[in-house]
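Structure, as structure tokens:
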Amino acid sequence: MIEFRMPSLGADMEGGTLVEWLVKPGDAVKRGDVVAVVETQKGAIEIEIFNTGVVSELVVPVGQQVPIGTLLARVDSAMRAAAARPATPPASPVKPPQPVIPPAPIAPPPAVIAPPPVTQAAPVAPPSGAAPSRQPVSPAARRLAAERGVDLQQLTGTGPGGAITLADVEAAQAKQPPAEVTRRRTGFDPAAMRQAIGAAMSRSKREIPHYYVTQTVEISAALRRLEQMNSERPPPRRVLPAAMFLRAIALALAKTPELNGFWEDGRFRPGDGLHIGWAIALRGGGLVAPAIRDAGLRTLDELMAAMRDLVQRARASGLRGSELSDPTVTVTSLGDRGAESVLPIIYPPQVAMIGVGRIVTRPWVVDGAIGPRPVVTMTLAGDHRASDGHRGGILLAEIDRLLQEAETL
Amino acid sequence: MNDISTKPLRMTYRDACKDAIRAAILADPRVFLMGEDVARYGGCYAVSKGLVDELGEDRIRDTPLSEGGYVGAGIGAAIAGMRPIVEIMTVNFSLLALDQIVNSAASIPHMSGGQFAVPLVIRMATGAGRQLAAQHSHSLEGWYAHIPGLKVLAPATIEDARYMLRPALDDPNPVLIFEHIMLYNREDELDPAVTAVDIVSAKIRRPGRDVTLITYGGTLFKTLDAAELLHQEGIEAEVIDLRVLRPLDMPTVLESVTRTRRVVIIDEGWKSGSLSAEIAARIVEGAFFELDAPIRRVCSREVPIPYAAHLEAAAVPQVPAIVAAARGLVKGE
């Protein structure tokens, strides 16, 4: 028997209101299934289950507000074994039950980390640099996901061999149509979110000794590369500068693990994977920073697709619980209409946050001559308990170097 | 009697073949049938029973037991201006005439720079199901579909058995017609409105949206039975009867696959180096990005077809295996 409890979706969450059950007793569930919708200060969040089994009892009724850790439902894992057809091996290895709290980032499935065997990759090898993945995806599903910007890594396959099929991609999209969301959910309360942000940021400023390092990066090479990439693409498939910055940041962070992780119980705990929280401003105020999992393993195109997907779902209250609890570091990018630079406040218990300002044209010295150049200002906020400014400077220098060699990104 | 094809009539596949031969011989003085035991015995599957009395020994000719000899004679007659129909008892025996069919019939039009056509039709029985064991039961039509210069037909319906012979005789190339032995006793009604068929296209015998079942010849009706069972489970299977094994009508196949995105190929031939392998390869070449699931095949076990009835049945494609393969693709099993 597995106990499914109210998860914590961030340092600032104390509890939530159960607004919808998406399963009923007797339903089979598997790891990654969305089983409930919980109203939090960050809006309505879809809660996933991390076990496989059959729901035996829903303990908390719809409408009840409960603190983190409250037993929500019981799931029987033995019944699944009894019901499973012996001839059919499980589509994916069933993980042993994992505690839902504390909300430690869930270990990524091994498939995401391990590179695929060469023999398997050869016939349909993804473009070099693509995230290695053993999750089978049908050719038609892969194409549709690319067209619609659906992140395949978030999906569970229902096809032969657990493959992601067209229907899975379509279902993933259908889950978050805005009309349905407004019908079934209460939507987020801007006042409550304001309060949550205030609590988290107050804690950050109270507890975390921030240091800041800043670097202005000349990005004409990066913009040229994007222009080349985008010249033959329709607008929905174009890659934005933010994705290229994110790619450079992810690669640089992979080399500075001291900045990727958590300050907990008086010591640094490295993140298990590099899951970058991507700060998204919500219409009507407030912001969320859901995770782009394994950001360092994703290509530019995949990062762009993930960003589009997150923005769309964040604004439609379609985020999943794990996406809010997974980030190991956060990035905020102000975009076209933002300020020139931003000094971020670290989201506890993370130990670093990177802010990217607006792209501006400034006089720049190249080979002794002054000329107009596009530049962007990047700022790292670091937790001085976990690292020093020297380390932060190395990170920014590496980001700068990578953006000068943008053709390799 | 002579004009039997214009009346609505329920008939067997065997009689449809016979009517086709009779009509062809009556319509064209250049046409004749020859083969082992086709005249006095009436053909090993009784297709030509009675025709020698009706049409005479010049038109229905018994030959010596020598596939290489009489197939070669047929090729010579065709080059000389006749329109021979050569019957070979089973495809297994046609291997004795492989040299004539591949090195002569298929190659002479090419090697003569188009000066000699070989308007020859060779009919032969194929397939398992009558406990005739490993020397009379194989499905080797896929081998002939490998050979440039040949056309290969596989009539499965009564209508195709009745009407494919005429365009085959009209074709300047050697045409091979494969008649599955389990079809001869099958009965169906001929549509009187149809008096001719093409030997170019595949036909959708049952439309569906969820999965495409591609087959031909003897397994067509097993596949249609499977499609009906799938329908009862809520799965709508589209059944394509290839009809022509060379050249393959890939546009029809690819169009269907593009709609259903799932494919099962059913072929009584073996899998290795086979027609089913060729079709699978062409689907991947032409519609890779349309596929939503791996291609599956239901083919004969890789053994010589056994004599014992239960082993023979277990060796060739059967309805439950077709249903399971299609259901698995649709339901992710």
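Here, A, B, ... name the chains of the structure tokens in the order displayed, residue numbers run from 1 inside each chain, and ligands are numbered from 1 in the same displayed order.
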
With a cut-off of 6 Å, could you pull out the residues of chain B touching chain A and give me the nearest pair of atoms for each, distance in Å to one decimal, using only C-alpha atoms, ordered by chain and ascending number, as a tab-separated table?
```
residue	atom	partner	partner_atom	distance
B:Phe289	CA	A:Pro139	CA	4.8
B:Glu290	CA	A:Ala140	CA	4.9
B:Leu291	CA	A:Ala140	CA	5.3
B:Asp292	CA	A:Ser138	CA	4.8
B:Ala293	CA	A:Ser138	CA	5.7
B:Leu329	CA	A:Pro160	CA	6.0
B:Gly332	CA	A:Gly159	CA	3.8
B:Glu333	CA	A:Pro160	CA	5.3
```

Could you go through region 35-203 of chain B and tell me which residues DSSP, when run on the backbone, assigns to alpha helix (DSSP H), listing them as number ranges by chain? B: 51-55, 67-79, 91-94, 98, 108-111, 141-144, 158-163, 165-170

Of the listed residues A:Leu9, A:Asp388, A:Thr330, A:Pro241, that which approaches Val375 (chain A) most closely, counting only C-alpha atoms: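 Nearest to Val375 (chain A): A:Pro241.
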
Near region 246-257 of chain B, within 10 Å and counting only C-alpha atoms, which residues show up once chain neighbours fewer than 3 positions away are dropped, as a PDB file with C-alpha atoms, in the first residue's frame?
```
ATOM      1  CA  GLU B 141       5.396 -15.785 -55.449  1.00  0.00           C
ATOM      2  CA  GLY B 142       7.538 -13.244 -53.636  1.00  0.00           C
ATOM      3  CA  TYR B 144       9.043 -13.962 -58.796  1.00  0.00           C
ATOM      4  CA  ALA B 145       8.080 -10.477 -57.617  1.00  0.00           C
ATOM      5  CA  HIS B 146      11.834  -9.902 -57.338  1.00  0.00           C
ATOM      6  CA  ILE B 147      12.401 -10.277 -61.088  1.00  0.00           C
ATOM      7  CA  PRO B 148      12.333  -7.267 -63.436  1.00  0.00           C
ATOM      8  CA  GLY B 149      10.573  -8.168 -66.663  1.00  0.00           C
ATOM      9  CA  LEU B 150       7.791 -10.167 -65.019  1.00  0.00           C
ATOM     10  CA  LYS B 151       4.363  -9.137 -63.883  1.00  0.00           C
ATOM     11  CA  VAL B 152       3.032 -11.086 -60.936  1.00  0.00           C
ATOM     12  CA  LEU B 153      -0.683 -11.308 -60.142  1.00  0.00           C
ATOM     13  CA  ALA B 154      -2.428 -12.800 -57.129  1.00  0.00           C
ATOM     14  CA  VAL B 175       2.671 -12.516 -66.582  1.00  0.00           C
ATOM     15  CA  LEU B 176       2.547 -14.993 -63.725  1.00  0.00           C
ATOM     16  CA  ILE B 199      -3.792  -5.629 -63.430  1.00  0.00           C
ATOM     17  CA  VAL B 200      -2.247  -2.449 -62.063  1.00  0.00           C
ATOM     18  CA  SER B 201      -3.868  -1.455 -58.805  1.00  0.00           C
ATOM     19  CA  ALA B 202      -4.297  -2.679 -55.270  1.00  0.00           C
ATOM     20  CA  LYS B 203      -7.824  -2.542 -53.895  1.00  0.00           C
ATOM     21  CA  ILE B 204      -9.168  -1.534 -50.516  1.00  0.00           C
ATOM     22  CA  PRO B 207     -12.194   0.678 -45.370  1.00  0.00           C
ATOM     23  CA  GLY B 208     -11.053   1.565 -41.870  1.00  0.00           C
ATOM     24  CA  ARG B 209      -9.307   4.315 -39.961  1.00  0.00           C
ATOM     25  CA  ASP B 210      -7.243   2.665 -37.223  1.00  0.00           C
ATOM     26  CA  VAL B 211      -4.831   0.259 -38.886  1.00  0.00           C
ATOM     27  CA  THR B 212      -4.025  -0.921 -42.424  1.00  0.00           C
ATOM     28  CA  LEU B 213      -3.872  -4.668 -43.012  1.00  0.00           C
ATOM     29  CA  ILE B 214      -1.976  -5.393 -46.228  1.00  0.00           C
ATOM     30  CA  GLU B 238      -8.599  -1.156 -43.447  1.00  0.00           C
ATOM     31  CA  VAL B 239      -7.842  -4.188 -45.611  1.00  0.00           C
ATOM     32  CA  ILE B 240      -5.763  -3.766 -48.761  1.00  0.00           C
ATOM     33  CA  ASP B 241      -5.705  -6.582 -51.310  1.00  0.00           C
ATOM     34  CA  LEU B 242      -2.475  -6.045 -53.242  1.00  0.00           C
ATOM     35  CA  ARG B 243      -3.742  -8.060 -56.272  1.00  0.00           C
ATOM     36  CA  THR B 260      -4.255   4.996 -40.430  1.00  0.00           C
ATOM     37  CA  ARG B 261      -0.571   5.377 -39.442  1.00  0.00           C
ATOM     38  CA  ARG B 262      -0.358   1.719 -38.440  1.00  0.00           C
ATOM     39  CA  VAL B 263       0.426  -1.297 -40.603  1.00  0.00           C
ATOM     40  CA  LEU B 275       7.650  -9.580 -50.290  1.00  0.00           C
ATOM     41  CA  GLU B 278       9.913  -5.264 -49.385  1.00  0.00           C
ATOM     42  CA  ILE B 279       6.554  -3.684 -48.604  1.00  0.00           C
ATOM     43  CA  ARG B 282       8.923   0.852 -49.060  1.00  0.00           C
ATOM     44  CA  ILE B 283       6.488   2.086 -46.428  1.00  0.00           C
ATOM     45  CA  VAL B 284       9.414   3.257 -44.312  1.00  0.00           C
ATOM     46  CA  GLY B 286       7.828   6.604 -48.430  1.00  0.00           C
ATOM     47  CA  ALA B 287       5.877   7.299 -45.250  1.00  0.00           C
ATOM     48  CA  PHE B 288       8.276   7.131 -42.299  1.00  0.00           C
ATOM     49  CA  GLU B 290       3.390   9.204 -41.061  1.00  0.00           C
ATOM     50  CA  LEU B 291       3.906   6.074 -38.974  1.00  0.00           C
ATOM     51  CA  ASP B 292       2.635   6.086 -35.427  1.00  0.00           C
TER      52      ASP B 292
END
```

Pick out the residues sitting within 12 Å of Arg123 (chain B), and hand them over as a ChimeraX atom specification; count only C-alpha atoms, and ignore anything fewer than 2 positions along from it in its own chain. /B:17-18,20-21,33-36,38,43,45,47-48,71,74,84-91,93-94,120-121,125-126,141,151-155,161,164-165,168-169,174-180

I'd like the neighbourhood of Ala146 (chain A) as a list in words, where a residue qualifies if any of its atoms comes within 9 Å (using only C-alpha atoms), though same-chain residues fewer than 6 positions away should be ignored.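 Result of the neighbour search: Leu152, Arg237, Asp301, Glu302 and Ala305 of chain A.
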
Store the residues picked out above, limited to N, CA and C atoms, as a PDB file, in the first residue's frame.
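Output saved as out00.pdb:
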```pdb
ATOM      1  N   LEU A 152       8.348  16.316 -25.505  1.00  0.00           N
ATOM      2  CA  LEU A 152       8.113  14.871 -25.443  1.00  0.00           C
ATOM      3  C   LEU A 152       8.536  14.285 -24.105  1.00  0.00           C
ATOM      4  N   ARG A 237       8.439  28.277 -35.511  1.00  0.00           N
ATOM      5  CA  ARG A 237       9.567  27.379 -35.280  1.00  0.00           C
ATOM      6  C   ARG A 237      10.873  28.145 -35.089  1.00  0.00           C
ATOM      7  N   ASP A 301      16.805  23.810 -30.248  1.00  0.00           N
ATOM      8  CA  ASP A 301      15.414  23.631 -30.650  1.00  0.00           C
ATOM      9  C   ASP A 301      14.590  23.053 -29.506  1.00  0.00           C
ATOM     10  N   GLU A 302      15.190  22.129 -28.803  1.00  0.00           N
ATOM     11  CA  GLU A 302      14.445  21.505 -27.710  1.00  0.00           C
ATOM     12  C   GLU A 302      14.227  22.492 -26.562  1.00  0.00           C
ATOM     13  N   ALA A 305      11.446  24.757 -27.630  1.00  0.00           N
ATOM     14  CA  ALA A 305      10.148  24.075 -27.525  1.00  0.00           C
ATOM     15  C   ALA A 305       9.711  23.995 -26.066  1.00  0.00           C
TER      16      ALA A 305
END
```

Env of Arg233 (chain A): 12 Å cut, atoms = only C-alpha atoms, seq-sep filter 6 positions within chain, self excluded. Answer as a PDB file with all heavy atoms, in the first residue's frame.
```pdb
ATOM      1  N   GLU A 147       6.050  20.268 -34.350  1.00  0.00           N
ATOM      2  CA  GLU A 147       5.219  21.318 -34.944  1.00  0.00           C
ATOM      3  C   GLU A 147       4.501  22.140 -33.878  1.00  0.00           C
ATOM      4  O   GLU A 147       4.344  23.343 -34.007  1.00  0.00           O
ATOM      5  CB  GLU A 147       4.164  20.688 -35.863  1.00  0.00           C
ATOM      6  CG  GLU A 147       4.720  20.280 -37.214  1.00  0.00           C
ATOM      7  CD  GLU A 147       3.713  19.425 -38.004  1.00  0.00           C
ATOM      8  OE1 GLU A 147       2.556  19.276 -37.549  1.00  0.00           O
ATOM      9  OE2 GLU A 147       4.101  18.912 -39.044  1.00  0.00           O
ATOM     10  N   LEU A 226      21.523  32.888 -35.025  1.00  0.00           N
ATOM     11  CA  LEU A 226      20.061  32.755 -34.971  1.00  0.00           C
ATOM     12  C   LEU A 226      19.444  33.157 -36.296  1.00  0.00           C
ATOM     13  O   LEU A 226      18.499  32.533 -36.774  1.00  0.00           O
ATOM     14  CB  LEU A 226      19.498  33.631 -33.849  1.00  0.00           C
ATOM     15  CG  LEU A 226      19.709  33.099 -32.440  1.00  0.00           C
ATOM     16  CD1 LEU A 226      19.130  34.071 -31.429  1.00  0.00           C
ATOM     17  CD2 LEU A 226      19.053  31.730 -32.275  1.00  0.00           C
ATOM     18  N   GLU A 227      19.988  34.220 -36.889  1.00  0.00           N
ATOM     19  CA  GLU A 227      19.447  34.678 -38.167  1.00  0.00           C
ATOM     20  C   GLU A 227      19.560  33.574 -39.213  1.00  0.00           C
ATOM     21  O   GLU A 227      18.631  33.311 -39.975  1.00  0.00           O
ATOM     22  CB  GLU A 227      20.222  35.919 -38.596  1.00  0.00           C
ATOM     23  CG  GLU A 227      19.469  36.824 -39.529  1.00  0.00           C
ATOM     24  CD  GLU A 227      20.264  38.113 -39.795  1.00  0.00           C
ATOM     25  OE1 GLU A 227      20.765  38.703 -38.813  1.00  0.00           O
ATOM     26  OE2 GLU A 227      20.402  38.457 -40.958  1.00  0.00           O
ATOM     27  N   VAL A 239      13.862  30.230 -33.376  1.00  0.00           N
ATOM     28  CA  VAL A 239      14.504  30.182 -32.063  1.00  0.00           C
ATOM     29  C   VAL A 239      14.779  31.611 -31.619  1.00  0.00           C
ATOM     30  O   VAL A 239      15.332  32.412 -32.381  1.00  0.00           O
ATOM     31  CB  VAL A 239      15.807  29.371 -32.140  1.00  0.00           C
ATOM     32  CG1 VAL A 239      16.544  29.413 -30.817  1.00  0.00           C
ATOM     33  CG2 VAL A 239      15.497  27.930 -32.541  1.00  0.00           C
ATOM     34  N   ASP A 301      16.805  23.810 -30.248  1.00  0.00           N
ATOM     35  CA  ASP A 301      15.414  23.631 -30.650  1.00  0.00           C
ATOM     36  C   ASP A 301      14.590  23.053 -29.506  1.00  0.00           C
ATOM     37  O   ASP A 301      13.451  23.454 -29.276  1.00  0.00           O
ATOM     38  CB  ASP A 301      15.316  22.703 -31.868  1.00  0.00           C
ATOM     39  CG  ASP A 301      15.615  23.451 -33.155  1.00  0.00           C
ATOM     40  OD1 ASP A 301      15.141  24.589 -33.283  1.00  0.00           O
ATOM     41  OD2 ASP A 301      16.323  22.899 -34.011  1.00  0.00           O
TER      42      ASP A 301
END
```

Quick check, in Å to one decimal: how far apart do CA of Pro363 (chain A) and CA of Met229 (chain A) lie?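 Spanning CA of Pro363 (chain A) to CA of Met229 (chain A) is a straight-line distance of 26.5 Å.
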
Please indicate the distance in Å from CA of Pro7 (chain A) to CA of Ile345 (chain A), rounded to one decimal place.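 About the pair CA of Pro7 (chain A) and CA of Ile345 (chain A): they are 24.5 Å apart.
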
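Distances from A:Ala316, A:Thr408, A:Val331, A:Asp400 to Ala381 (chain A) were compared using only C-alpha atoms, and the smallest one belongs to A:Val331.
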
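When CA of Ala97 (chain B) is paired with CA of Asp53 (chain B), their separation reads 28.4 Å.
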